[in-house]
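> Contents of query31.txt (compact mmCIF, C-alpha atoms and all ligand atoms):
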```
# COMPACT_ATOMS: atom_id res chain seq x y z
CA MET A 6 101.48 117.27 81.26
CA LYS A 7 100.61 113.59 81.07
CA MET A 8 103.33 112.78 83.59
CA TRP A 9 101.89 115.38 85.96
CA ALA A 10 98.39 113.89 85.68
CA LEU A 11 99.80 110.40 86.25
CA CYS A 12 101.61 111.51 89.40
CA LEU A 13 98.50 113.19 90.76
CA GLY A 14 96.46 110.07 89.95
CA LEU A 15 98.95 107.87 91.77
CA VAL A 16 98.97 110.11 94.84
CA LEU A 17 95.17 110.15 94.98
CA ALA A 18 94.95 106.39 94.43
CA ALA A 19 97.49 105.76 97.22
CA GLY A 20 95.54 108.03 99.54
CA ALA A 21 92.27 106.29 98.77
CA ALA A 22 93.79 102.82 99.17
CA THR A 23 95.35 103.40 102.59
CA GLU A 24 93.08 105.40 104.80
CA THR A 25 95.59 105.77 107.63
CA ALA A 26 98.01 107.40 105.22
CA TRP A 27 96.00 110.55 105.83
CA ALA A 28 97.01 110.52 109.49
CA HIS A 29 99.86 112.66 110.76
CA GLY A 30 102.92 110.88 109.58
CA GLU A 31 103.49 109.50 113.07
CA ARG A 32 105.00 106.43 111.41
CA SER A 33 107.77 108.47 109.88
CA GLN A 34 109.23 109.29 113.29
CA GLU A 35 112.48 107.47 113.99
CA PRO A 36 112.07 104.16 115.87
CA TYR A 37 114.50 105.30 118.59
CA LEU A 38 112.11 108.16 119.38
CA ARG A 39 109.08 105.88 119.45
CA THR A 40 110.54 102.92 121.34
CA ARG A 41 112.98 104.56 123.74
CA THR A 42 111.53 107.86 124.95
CA VAL A 43 107.87 108.12 126.02
CA GLN A 44 105.97 104.83 126.28
CA TYR A 45 102.22 105.37 126.60
CA TYR A 46 100.06 102.73 128.27
CA ASP A 47 96.54 102.35 129.69
CA VAL A 48 95.31 104.94 127.20
CA HIS A 49 91.51 105.23 126.98
CA TYR A 50 89.20 107.33 124.86
CA ASP A 51 85.71 107.54 126.37
CA LYS A 52 83.97 108.30 123.04
CA GLN A 53 84.70 107.83 119.39
CA THR A 54 81.82 109.92 118.04
CA VAL A 55 81.00 113.36 119.40
CA LYS A 56 78.84 116.23 118.26
CA VAL A 57 80.23 119.73 117.77
CA ASN A 58 80.51 121.19 121.33
CA GLU A 59 80.36 117.74 122.95
CA GLU A 60 83.23 116.87 125.28
CA PHE A 61 85.26 113.67 125.31
CA THR A 62 88.03 112.53 127.60
CA LEU A 63 91.35 110.94 126.92
CA VAL A 64 93.20 109.42 129.89
CA GLY A 65 96.37 107.39 130.14
CA LYS A 66 99.81 106.99 131.61
CA PHE A 67 103.30 107.15 130.25
CA ARG A 68 106.71 105.93 131.28
CA LEU A 69 109.75 108.03 130.51
CA MET A 70 112.27 105.40 129.52
CA GLU A 71 115.37 105.05 131.66
CA ASP A 72 117.41 104.22 128.55
CA TRP A 73 116.61 107.59 126.94
CA PRO A 74 118.60 107.92 123.66
CA ASP A 75 121.69 110.14 123.74
CA ALA A 76 120.56 111.95 120.59
CA VAL A 77 117.29 113.16 122.17
CA SER A 78 117.03 116.12 124.57
CA LEU A 79 116.05 115.09 128.09
CA PRO A 80 112.48 115.92 129.22
CA GLU A 81 113.62 119.11 130.94
CA THR A 82 110.68 121.12 129.63
CA VAL A 83 107.58 119.31 128.43
CA PHE A 84 104.08 120.31 127.41
CA LEU A 85 101.08 118.02 127.44
CA SER A 86 98.35 118.32 124.82
CA ALA A 87 96.50 116.41 122.13
CA TYR A 88 97.62 116.00 118.56
CA ALA A 89 95.04 116.65 115.84
CA PRO A 90 95.27 117.51 112.14
CA GLY A 91 94.64 121.23 112.67
CA PRO A 92 92.22 122.91 115.11
CA MET A 93 89.56 120.20 114.79
CA ILE A 94 89.07 119.86 118.54
CA THR A 95 89.46 122.20 121.48
CA ARG A 96 91.45 121.28 124.56
CA VAL A 97 89.16 122.28 127.41
CA GLU A 98 91.14 120.90 130.35
CA SER A 99 94.40 119.03 130.77
CA TYR A 100 96.03 117.46 133.83
CA LEU A 101 99.32 115.78 134.61
CA ASN A 102 99.18 113.67 137.78
CA GLY A 103 96.02 115.57 138.69
CA MET A 104 97.64 119.02 138.38
CA PRO A 105 96.29 121.44 135.74
CA ALA A 106 98.63 121.33 132.76
CA ARG A 107 98.01 124.77 131.26
CA GLN A 108 101.72 125.47 131.30
CA SER A 109 104.83 123.42 130.61
CA PHE A 110 106.34 121.18 133.27
CA SER A 111 110.02 121.14 134.05
CA LYS A 112 112.41 118.33 134.89
CA LEU A 113 110.39 115.17 134.50
CA GLU A 114 112.24 112.11 135.80
CA LEU A 115 113.45 109.28 133.62
CA GLY A 116 112.41 105.77 134.62
CA ARG A 117 109.21 107.06 136.24
CA ASP A 118 105.53 107.13 135.38
CA TYR A 119 103.06 109.97 134.92
CA GLU A 120 99.31 110.01 134.50
CA PHE A 121 97.45 112.39 132.23
CA LYS A 122 93.92 113.44 131.49
CA LEU A 123 92.75 115.54 128.56
CA VAL A 124 89.21 116.84 128.18
CA MET A 125 88.48 117.83 124.61
CA LYS A 126 85.54 119.17 122.69
CA GLY A 127 84.47 118.68 119.07
CA ARG A 128 84.95 121.81 116.94
CA ILE A 129 85.08 121.05 113.21
CA PRO A 130 83.01 118.14 111.81
CA GLY A 131 84.92 115.28 110.22
CA ARG A 132 86.86 112.14 111.05
CA HIS A 133 90.05 113.12 112.84
CA HIS A 134 93.01 111.12 114.10
CA ILE A 135 93.65 112.26 117.67
CA HIS A 136 96.67 111.38 119.81
CA PRO A 137 97.86 112.28 123.30
CA LEU A 138 101.03 114.28 122.84
CA LEU A 139 104.01 115.16 124.94
CA SER A 140 106.14 117.90 123.42
CA VAL A 141 109.71 117.76 124.68
CA LYS A 142 111.73 120.92 124.20
CA GLY A 143 114.64 120.17 121.87
CA SER A 144 113.17 116.85 120.70
CA GLY A 145 109.74 117.61 119.35
CA PRO A 146 106.38 115.89 119.61
CA LEU A 147 106.18 112.35 121.04
CA VAL A 148 102.74 110.92 120.39
CA GLY A 149 100.66 108.20 121.97
CA PRO A 150 98.23 105.84 120.24
CA GLY A 151 96.01 107.68 117.75
CA GLN A 152 92.27 107.07 117.66
CA TRP A 153 89.82 108.13 114.95
CA ILE A 154 87.26 110.49 116.44
CA GLU A 155 84.21 111.40 114.41
CA VAL A 156 82.90 114.91 115.00
CA THR A 157 79.35 115.38 113.74
CA GLY A 158 77.15 118.45 113.35
CA SER A 159 77.92 121.89 112.00
CA LYS A 160 80.86 124.18 112.68
CA ALA A 161 78.42 127.11 112.81
CA ASP A 162 77.05 125.74 116.10
CA TYR A 163 80.44 125.75 117.80
CA LEU A 164 80.54 127.77 121.03
CA MET A 165 83.21 128.21 123.65
CA PRO A 166 81.63 130.14 126.53
CA VAL A 167 83.93 131.51 129.23
CA THR A 168 83.40 133.44 132.44
CA THR A 169 86.39 135.63 133.20
CA MET A 170 87.95 135.97 136.67
CA ASN A 171 86.03 139.20 137.26
CA GLY A 172 82.71 137.64 136.32
CA VAL A 173 82.26 138.80 132.74
CA LYS A 174 80.38 136.18 130.69
CA ILE A 175 81.65 135.69 127.15
CA ASP A 176 79.40 133.61 124.87
CA ASN A 177 82.09 132.49 122.48
CA ILE A 178 85.73 133.24 123.15
CA GLU A 179 86.58 132.17 119.60
CA PHE A 180 85.54 135.57 118.22
CA TYR A 181 85.91 137.65 121.39
CA GLY A 182 87.61 140.99 120.75
CA ILE A 183 88.18 140.32 117.05
CA SER A 184 86.00 143.23 115.86
CA ARG A 185 87.91 145.58 118.15
CA ALA A 186 91.24 144.29 116.84
CA LEU A 187 90.00 144.79 113.27
CA LYS A 188 88.94 148.37 114.08
CA TRP A 189 92.45 149.09 115.31
CA TYR A 190 93.89 147.61 112.14
CA GLY A 191 91.54 149.94 110.22
CA VAL A 192 92.79 153.02 112.12
CA TRP A 193 96.46 152.25 111.52
CA ILE A 194 95.97 151.22 107.90
CA ALA A 195 94.05 154.48 107.24
CA LEU A 196 96.82 156.59 108.78
CA ALA A 197 99.54 154.71 106.90
CA ALA A 198 97.60 154.97 103.62
CA PHE A 199 97.11 158.72 104.12
CA TRP A 200 100.85 159.26 104.69
CA LEU A 201 101.76 157.17 101.66
CA LEU A 202 99.25 158.89 99.37
CA PHE A 203 100.30 162.32 100.67
CA TRP A 204 103.71 161.70 99.07
CA LEU A 205 102.61 159.55 96.13
CA VAL A 206 100.29 162.16 94.55
CA ARG A 207 103.23 164.46 93.91
CA PRO A 208 106.01 164.12 91.30
CA LEU A 209 108.11 161.32 92.64
CA LEU A 210 111.58 159.96 91.99
CA LEU A 211 112.96 161.53 88.80
CA PRO A 212 111.77 165.16 89.27
CA ARG A 213 113.02 165.07 92.87
CA TRP A 214 116.34 163.59 91.77
CA MET A 215 116.72 166.33 89.15
CA ALA A 216 115.92 169.03 91.72
CA LEU A 217 118.62 167.53 93.92
CA GLN A 218 121.11 167.59 91.01
CA LYS A 219 120.44 171.30 90.53
CA GLY A 220 121.14 172.01 94.20
CA ARG A 221 117.50 172.91 94.98
CA GLU A 222 117.13 170.76 98.07
CA ASP A 223 114.99 173.49 99.62
CA VAL A 224 112.03 172.79 97.25
CA LEU A 225 111.83 169.05 98.13
CA ILE A 226 110.12 169.50 101.48
CA SER A 227 107.70 172.37 101.91
CA ASN A 228 106.40 173.99 105.09
CA ARG A 229 103.08 172.27 104.46
CA ASP A 230 104.88 168.88 104.43
CA ILE A 231 106.48 169.63 107.78
CA THR A 232 103.17 170.78 109.28
CA VAL A 233 101.33 167.64 108.10
CA GLY A 234 104.21 165.43 109.35
CA VAL A 235 104.17 167.02 112.81
CA ILE A 236 100.36 166.77 113.05
CA LEU A 237 100.49 163.11 112.01
CA GLY A 238 103.21 162.43 114.62
CA VAL A 239 101.10 164.04 117.33
CA VAL A 240 98.01 162.08 116.23
CA VAL A 241 99.92 158.75 116.27
CA VAL A 242 101.36 159.38 119.74
CA ALA A 243 97.96 160.58 121.02
CA ILE A 244 96.15 157.49 119.65
CA SER A 245 98.79 155.14 121.11
CA PHE A 246 98.73 156.65 124.61
CA GLY A 247 94.99 157.36 124.46
CA GLY A 248 94.31 153.74 123.48
CA TYR A 249 96.54 152.49 126.27
CA PHE A 250 94.83 154.62 128.95
CA TYR A 251 91.38 153.73 127.60
CA ALA A 252 92.20 149.99 127.76
CA LYS A 253 93.62 150.41 131.28
CA GLN A 254 90.41 152.15 132.32
CA GLU A 255 88.06 149.61 130.77
CA TYR A 256 90.04 146.50 131.81
CA PRO A 257 91.62 147.28 135.19
CA TYR A 258 92.51 143.61 135.84
CA VAL A 259 94.72 142.11 133.19
CA VAL A 260 96.49 138.80 133.72
CA PRO A 261 99.41 138.28 131.35
CA LEU A 262 99.95 134.96 129.57
CA GLN A 263 101.61 132.62 132.05
CA ALA A 264 105.07 131.68 130.91
CA GLY A 265 106.69 129.91 133.88
CA THR A 266 106.97 126.12 134.21
CA ASN A 267 105.45 123.86 136.87
CA LYS A 268 107.11 121.05 138.75
CA ILE A 269 105.40 117.76 139.38
CA ASP A 270 106.33 114.59 141.26
CA PRO A 271 106.11 111.31 139.34
CA LEU A 272 103.64 108.59 140.36
CA PRO A 273 104.86 106.52 143.32
CA LYS A 274 106.99 103.49 142.49
CA PRO A 275 105.14 100.17 142.76
CA ALA A 276 105.91 98.09 145.87
CA HIS A 277 106.89 94.98 143.92
CA SER A 278 108.49 94.47 140.61
CA VAL A 279 109.90 91.88 138.29
CA GLU A 280 113.47 92.58 137.37
CA VAL A 281 114.20 91.89 133.72
CA SER A 282 117.54 92.08 131.96
CA VAL A 283 117.89 91.62 128.23
CA LEU A 284 120.51 88.99 127.44
CA LYS A 285 120.10 89.00 123.68
CA ALA A 286 117.77 90.59 121.16
CA SER A 287 117.50 90.15 117.43
CA TYR A 288 115.11 91.17 114.69
CA ASP A 289 114.38 88.54 112.08
CA VAL A 290 113.94 90.56 108.90
CA PRO A 291 112.26 87.94 106.64
CA GLY A 292 110.05 86.70 109.51
CA ARG A 293 109.19 90.22 110.78
CA ALA A 294 109.76 89.03 114.33
CA MET A 295 111.60 90.37 117.33
CA HIS A 296 113.25 87.69 119.46
CA VAL A 297 114.36 88.67 122.95
CA THR A 298 116.10 86.49 125.51
CA THR A 299 115.63 87.84 129.03
CA ARG A 300 116.54 86.92 132.58
CA MET A 301 113.55 87.55 134.86
CA THR A 302 113.52 87.68 138.65
CA ASN A 303 110.23 87.93 140.51
CA HIS A 304 110.68 90.19 143.56
CA GLY A 305 106.97 90.07 144.37
CA SER A 306 105.02 87.72 146.62
CA GLU A 307 102.76 86.18 143.94
CA PRO A 308 103.54 84.00 140.94
CA VAL A 309 103.34 86.09 137.77
CA SER A 310 102.94 85.39 134.07
CA VAL A 311 104.09 87.54 131.16
CA LEU A 312 101.01 89.34 129.85
CA GLU A 313 102.14 91.81 127.25
CA PHE A 314 105.04 93.46 125.46
CA ALA A 315 104.27 97.02 124.39
CA THR A 316 106.43 99.43 122.45
CA ALA A 317 105.78 102.46 120.25
CA ASN A 318 102.05 102.10 121.09
CA LEU A 319 102.03 98.58 119.55
CA ARG A 320 100.75 95.80 121.77
CA PHE A 321 101.80 92.17 121.70
CA VAL A 322 99.63 90.20 124.14
CA ASN A 323 100.42 86.68 125.38
CA GLN A 324 97.10 84.96 124.68
CA GLN A 325 97.81 82.23 127.23
CA ALA A 326 98.27 84.58 130.18
CA PRO A 327 95.40 84.89 132.67
CA GLY A 328 93.11 87.75 131.67
CA ALA A 329 94.68 88.07 128.20
CA ASP A 330 91.27 88.55 126.58
CA LYS A 331 90.72 91.70 128.64
CA ALA A 332 94.26 93.06 128.32
CA VAL A 333 93.38 95.38 125.44
CA SER A 334 90.28 97.47 126.05
CA ALA A 335 87.65 97.85 123.33
CA ASP A 336 88.46 101.54 122.85
CA TYR A 337 92.13 100.92 121.98
CA PRO A 338 92.94 101.48 118.28
CA ARG A 339 92.81 98.02 116.70
CA ASP A 340 95.43 98.85 114.07
CA LEU A 341 98.01 98.95 116.88
CA VAL A 342 97.30 95.49 118.31
CA ALA A 343 99.44 92.66 116.93
CA ARG A 344 97.25 89.79 115.74
CA GLY A 345 100.10 87.32 116.21
CA GLY A 346 100.33 88.19 119.91
CA LEU A 347 103.38 87.35 121.99
CA GLY A 348 105.08 83.96 121.93
CA LEU A 349 106.94 82.68 125.00
CA SER A 350 109.52 79.91 125.33
CA ASP A 351 108.04 79.04 128.69
CA GLN A 352 104.48 79.69 129.90
CA LYS A 353 105.08 78.51 133.48
CA PRO A 354 104.39 81.35 135.96
CA LEU A 355 107.47 82.89 137.56
CA MET A 356 107.40 82.01 141.27
CA PRO A 357 108.20 84.58 144.00
CA GLY A 358 111.96 84.86 144.28
CA GLU A 359 112.55 82.77 141.16
CA THR A 360 115.01 83.74 138.45
CA ARG A 361 114.58 82.21 135.03
CA ASP A 362 115.69 82.83 131.46
CA VAL A 363 112.68 83.36 129.21
CA LYS A 364 112.65 83.98 125.49
CA PHE A 365 109.83 85.89 123.89
CA GLU A 366 108.89 86.50 120.29
CA ALA A 367 106.90 89.48 119.07
CA SER A 368 106.13 88.67 115.48
CA ASP A 369 103.82 90.67 113.25
CA ALA A 370 103.78 92.61 110.00
CA LEU A 371 103.14 95.68 112.17
CA TRP A 372 106.90 96.14 112.56
CA GLU A 373 107.04 96.91 108.85
CA VAL A 374 103.66 98.63 108.58
CA GLU A 375 104.56 100.97 111.43
CA ARG A 376 108.03 101.48 109.90
CA LEU A 377 109.77 100.45 113.08
CA VAL A 378 112.54 98.44 111.45
CA SER A 379 114.77 101.32 110.51
CA PHE A 380 116.56 100.66 113.80
CA LEU A 381 118.45 98.19 111.63
CA THR A 382 120.22 101.09 109.96
CA ASP A 383 120.66 103.24 113.07
CA VAL A 384 124.09 104.01 114.46
CA ASP A 385 122.55 103.30 117.86
CA SER A 386 120.73 100.01 117.22
CA LYS A 387 118.77 99.59 120.39
CA PHE A 388 115.18 98.82 121.22
CA GLY A 389 113.02 99.48 124.24
CA GLY A 390 109.57 98.64 125.51
CA LEU A 391 107.39 97.75 128.46
CA LEU A 392 106.85 94.22 129.68
CA PHE A 393 103.66 93.63 131.66
CA PHE A 394 103.19 90.77 134.11
CA VAL A 395 99.98 89.57 135.70
CA ASP A 396 99.25 87.53 138.83
CA LYS A 397 96.33 85.21 139.56
CA SER A 398 94.12 88.01 140.88
CA GLY A 399 94.70 90.13 137.78
CA ASN A 400 97.14 92.65 139.30
CA ARG A 401 99.61 93.93 136.77
CA LEU A 402 103.29 94.70 137.22
CA MET A 403 105.28 96.63 134.68
CA THR A 404 109.00 96.59 133.87
CA GLU A 405 110.75 98.59 131.24
CA ILE A 406 113.23 96.67 129.10
CA SER A 407 115.85 97.86 126.66
CA GLY A 408 119.02 96.76 125.02
CA PRO A 409 121.00 96.47 121.82
CA ILE A 410 119.35 94.62 118.96
CA LEU A 411 120.89 92.84 115.98
CA PRO A 412 119.19 92.14 112.66
CA THR A 413 119.07 88.65 111.13
CA PHE A 414 118.76 88.88 107.38
CA THR A 415 118.54 85.16 106.61
CA ALA A 416 115.72 82.80 107.50
CA LEU A 417 116.55 80.89 110.69
CU CU A 501 97.60 110.34 113.68
```
Take the structure in the file and give it back as structure tokens.
Ligand SMILES: [Cu+2]

Amino acid sequence: MKMWALCLGLVLAAGAATETAWAHGERSQEPYLRTRTVQYYDVHYDKQTVKVNEEFTLVGKFRLMEDWPDAVSLPETVFLSAYAPGPMITRVESYLNGMPARQSFSKLELGRDYEFKLVMKGRIPGRHHIHPLLSVKGSGPLVGPGQWIEVTGSKADYLMPVTTMNGVKIDNIEFYGISRALKWYGVWIALAAFWLLFWLVRPLLLPRWMALQKGREDVLISNRDITVGVILGVVVVAISFGGYFYAKQEYPYVVPLQAGTNKIDPLPKPAHSVEVSVLKASYDVPGRAMHVTTRMTNHGSEPVSVLEFATANLRFVNQQAPGADKAVSADYPRDLVARGGLGLSDQKPLMPGETRDVKFEASDALWEVERLVSFLTDVDSKFGGLLFFVDKSGNRLMTEISGPILPTFTAL
């Protein structure tokens, strides 16, 4: 008993001490899923506090990584939505590359980018961790950066008005048709209960078994039983068909749930890019730092500097790059931004046409906090991420990088 109380106490204390522990367990997803499948970027939440019924918008982009892990199903069928701890918010509208995303999309392309928009509405008051979410059939949910959204007000005020295609106005679709469904339950439960009681009120198992033993099968089912059974059968069939014809009459236009998938083209490829190949990558376990040696070639027409390395929604910004102070918008979850930033072996801008080897270091306790270091024990020890470059006028270029990574267990 004492042990039980101690365990409960520990669980509650742990929950109270680490607020984010009440989030969804997004940190328990394998690093290969978070660093090598869907990389979210430019994610913005327009509000962090909404009233019940008030709408808020979540926009962003994602890159489907070229180096998609072998163990993960390809994005052949995907569904876009938001991730919340239960039905705390309502998804009012959703778009992928501007196309309504009511249904799943098929055959998204690896190595390409997509843009999404989700319009949501507060439903249940509280402080909820909300993420953009791409569900990939066969792989599961792949989430973007989570933001705490505070929903204020009272659940009793929640309304979801809808006007149907034939002009019927429904005040709140949340409860629409529920009383009718309950009435139907009532009808069927009453009929079933009558049939059960009809047999239960009479001598049951043993007397009937004894009658059977004596060869008196004829007394088990009387003419009255047969009559009641036939009447009940007729009533059931009549209610079923009657209900069907009544519904057909009252609702002549019925659109079934849409089950097909949509196709969508990815965003156009940018005109210029910086080619980056990973020559060597290691993770320094005691120093909690990722070291990556890359060979960069600038195919653009402007000198560019490395601005940011982003992976698994974590952001490592090079503080010395032009515009670094504005690289992370104010609405981005602060617990996903590395305080240490991004260290570079060479801060000189990469000239047009130039190829240079550059080493970068992404060092922060976030690797551990976000439980991203289990790639050290993976059979497929690889990492992936997005490298952002910026030119003098603030234009960004993005390149995806990936490669094998080796752990270093001793201090360098
Ligand atoms: Cu979460």
> Using all atoms listed in the file, what residues lie at most 10 Å away from (114.2, 93.6, 116.2) (file coordinates), given as an NGL selection string?
:A and (286-290 or 293-297 or 366-368 or 372 or 377-381 or 386-388 or 409-413)
> First collect every listed atom of segment 311-329 of chain A; then fit an axis-aligned box around them, widen it by 5 Å on each side, and give centre and edge lengths in Å to one decimal, as AutoDock Vina command-line options.

```
--center_x 99.8 --center_y 92.3 --center_z 126.1 --size_x 23.3 --size_y 30.2 --size_z 23.1
```
> Write out as a ChimeraX atom specification the residues lying within 8 Å of Gly131 of chain A, counting only C-alpha atoms and excluding same-chain residues fewer than 2 positions away.
/A:129,133,155-157
> Go through the chains and note each residue within 12 Å of ligand CU 501 (chain A), using all atoms listed in the file, then give the set as a PyMOL selection string.
chain A and resi 24-34+87-91+132-138+146-154+318+338+340-341+375
> Do you know which residues are at most 6 Å from segment 42-56 of chain A counting only C-alpha atoms, after dropping those on the same chain fewer than 3 positions away, and could you put them as a ChimeraX atom specification?
/A:38,59,61-70,73,149,154-158
> Closest to Ile231 of chain A among A:Phe203, A:Glu373, A:Tyr190, A:Pro166, using all atoms listed in the file?
A:Phe203
> For atom CA of Ala343 of chain A and atom CA of Val322 of chain A, quote the distance in Å rounded to one decimal.
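Separation of atom CA of Ala343 of chain A and atom CA of Val322 of chain A: 7.6 Å.
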> Anything within 6 Å of (83.3, 118.9, 121.7): list those residues as a PDB file with C-alpha atoms, in the coordinates of the input, counting only C-alpha atoms and sticking to the file's coordinates.

```
ATOM      1  CA  VAL A  57      80.230 119.730 117.770  1.00  0.00           C
ATOM      2  CA  ASN A  58      80.510 121.190 121.330  1.00  0.00           C
ATOM      3  CA  GLU A  59      80.360 117.740 122.950  1.00  0.00           C
ATOM      4  CA  GLU A  60      83.230 116.870 125.280  1.00  0.00           C
ATOM      5  CA  LYS A 126      85.540 119.170 122.690  1.00  0.00           C
ATOM      6  CA  GLY A 127      84.470 118.680 119.070  1.00  0.00           C
ATOM      7  CA  ARG A 128      84.950 121.810 116.940  1.00  0.00           C
TER       8      ARG A 128
END
```
> Please indicate the distance in Å from atom CA of Gly389 of chain A to atom CA of Pro36 of chain A, rounded to one decimal place.
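Here the two named atoms are 9.6 Å from each other.
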> For a quick check of understanding, using only C-alpha atoms, which of A:Asn400, A:Ser109, A:Gln254, A:Gln218 has the smallest distance to His277 of chain A?
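For His277 of chain A, the nearest of the candidates is A:Asn400.
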> Separation of atom CA of Asn267 of chain A and atom CA of Pro92 of chain A, in Å?
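Atom CA of Pro92 of chain A lies at a distance of 25.5 Å from atom CA of Asn267 of chain A.
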> Name all residues at most 8 Å from Arg344 of chain A (count all atoms listed in the file; drop same-chain ones fewer than 2 positions away) and give them as a list in words.
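The contact residues come out as Phe321, Val342, Gly346 and Asp369 of chain A.
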> Please identify all polymer residues within 10 Å of Gly305 of chain A, counting only C-alpha atoms, omitting same-chain residues fewer than 5 positions from it, and present them as a ChimeraX atom specification.
/A:276-280,355-359,396,402
> Taking only C-alpha atoms into account, name the residue in A:Pro261, A:Gly390, A:Pro80, A:Pro291 that is nearest to Ala370 of chain A.
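With only C-alpha atoms as the atom set, the closest residue is A:Pro291.
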> Using only C-alpha atoms, which of the listed residues (A:Tyr256, A:Ile269, A:Asn228, A:Leu210) sits closest to Ala106 of chain A?
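Ranked by minimum distance to Ala106 of chain A, first place goes to A:Ile269.
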> Which residues are close to Lys142 of chain A, i.e. within 7 Å by all atoms listed in the file, leaving aside same-chain residues fewer than 3 positions away? Reply as a JSON list (two decimals) with C-alpha atoms, keeping the file's coordinate frame.

```json
[["chain", "number", "residue", "atom", "x", "y", "z"],
["A", 82, "THR", "CA", 110.68, 121.12, 129.63],
["A", 83, "VAL", "CA", 107.58, 119.31, 128.43],
["A", 145, "GLY", "CA", 109.74, 117.61, 119.35]]
```
> With distances taken over all atoms listed in the file, which of A:Val240, A:Val260, A:Leu113, A:Val192 is nearest to Thr169 of chain A?
A:Val260
> Which residue out of A:Trp193, A:Met93, A:Leu347, A:Glu71 has the minimum interatomic distance to Val241 of chain A when all atoms listed in the file are used?
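Of A:Trp193, A:Met93, A:Leu347, A:Glu71, the one nearest Val241 of chain A is A:Trp193, counting all atoms listed in the file.
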> Could you rebuild segment 166-182 of chain A with N, CA and C atoms and give it back as a short mmCIF file (atom, residue, chain, number, x, y, z; two decimals), keeping the file's coordinate frame?

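What ended up in rebuild.cif:
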```cif
data_model
loop_
_atom_site.label_atom_id
_atom_site.label_comp_id
_atom_site.auth_asym_id
_atom_site.auth_seq_id
_atom_site.Cartn_x
_atom_site.Cartn_y
_atom_site.Cartn_z
N PRO A 166 81.93 129.10 125.56
CA PRO A 166 81.63 130.14 126.53
C PRO A 166 82.65 130.16 127.68
N VAL A 167 82.95 131.36 128.15
CA VAL A 167 83.93 131.51 129.23
C VAL A 167 83.44 132.59 130.18
N THR A 168 83.64 132.38 131.46
CA THR A 168 83.40 133.44 132.44
C THR A 168 84.76 133.89 132.95
N THR A 169 85.06 135.16 132.81
CA THR A 169 86.39 135.63 133.20
C THR A 169 86.50 135.71 134.72
N MET A 170 87.72 135.96 135.22
CA MET A 170 87.95 135.97 136.67
C MET A 170 87.16 137.07 137.36
N ASN A 171 86.82 138.15 136.62
CA ASN A 171 86.03 139.20 137.26
C ASN A 171 84.55 139.10 136.90
N GLY A 172 84.13 137.91 136.46
CA GLY A 172 82.71 137.64 136.32
C GLY A 172 82.07 138.00 135.01
N VAL A 173 82.85 138.45 134.03
CA VAL A 173 82.26 138.80 132.74
C VAL A 173 81.98 137.51 131.97
N LYS A 174 80.75 137.39 131.46
CA LYS A 174 80.38 136.18 130.69
C LYS A 174 80.61 136.43 129.21
N ILE A 175 81.40 135.57 128.59
CA ILE A 175 81.65 135.69 127.15
C ILE A 175 81.01 134.48 126.48
N ASP A 176 80.13 134.71 125.50
CA ASP A 176 79.40 133.61 124.87
C ASP A 176 80.30 132.69 124.06
N ASN A 177 81.22 133.29 123.32
CA ASN A 177 82.09 132.49 122.48
C ASN A 177 83.45 133.16 122.39
N ILE A 178 84.41 132.59 123.09
CA ILE A 178 85.73 133.24 123.15
C ILE A 178 86.45 133.19 121.80
N GLU A 179 85.94 132.32 120.91
CA GLU A 179 86.58 132.17 119.60
C GLU A 179 86.64 133.50 118.84
N PHE A 180 85.58 134.31 118.97
CA PHE A 180 85.54 135.57 118.22
C PHE A 180 85.62 136.79 119.14
N TYR A 181 85.91 136.55 120.43
CA TYR A 181 85.91 137.65 121.39
C TYR A 181 87.01 138.66 121.05
N GLY A 182 86.63 139.94 120.96
CA GLY A 182 87.61 140.99 120.75
C GLY A 182 88.11 141.13 119.33
#
```
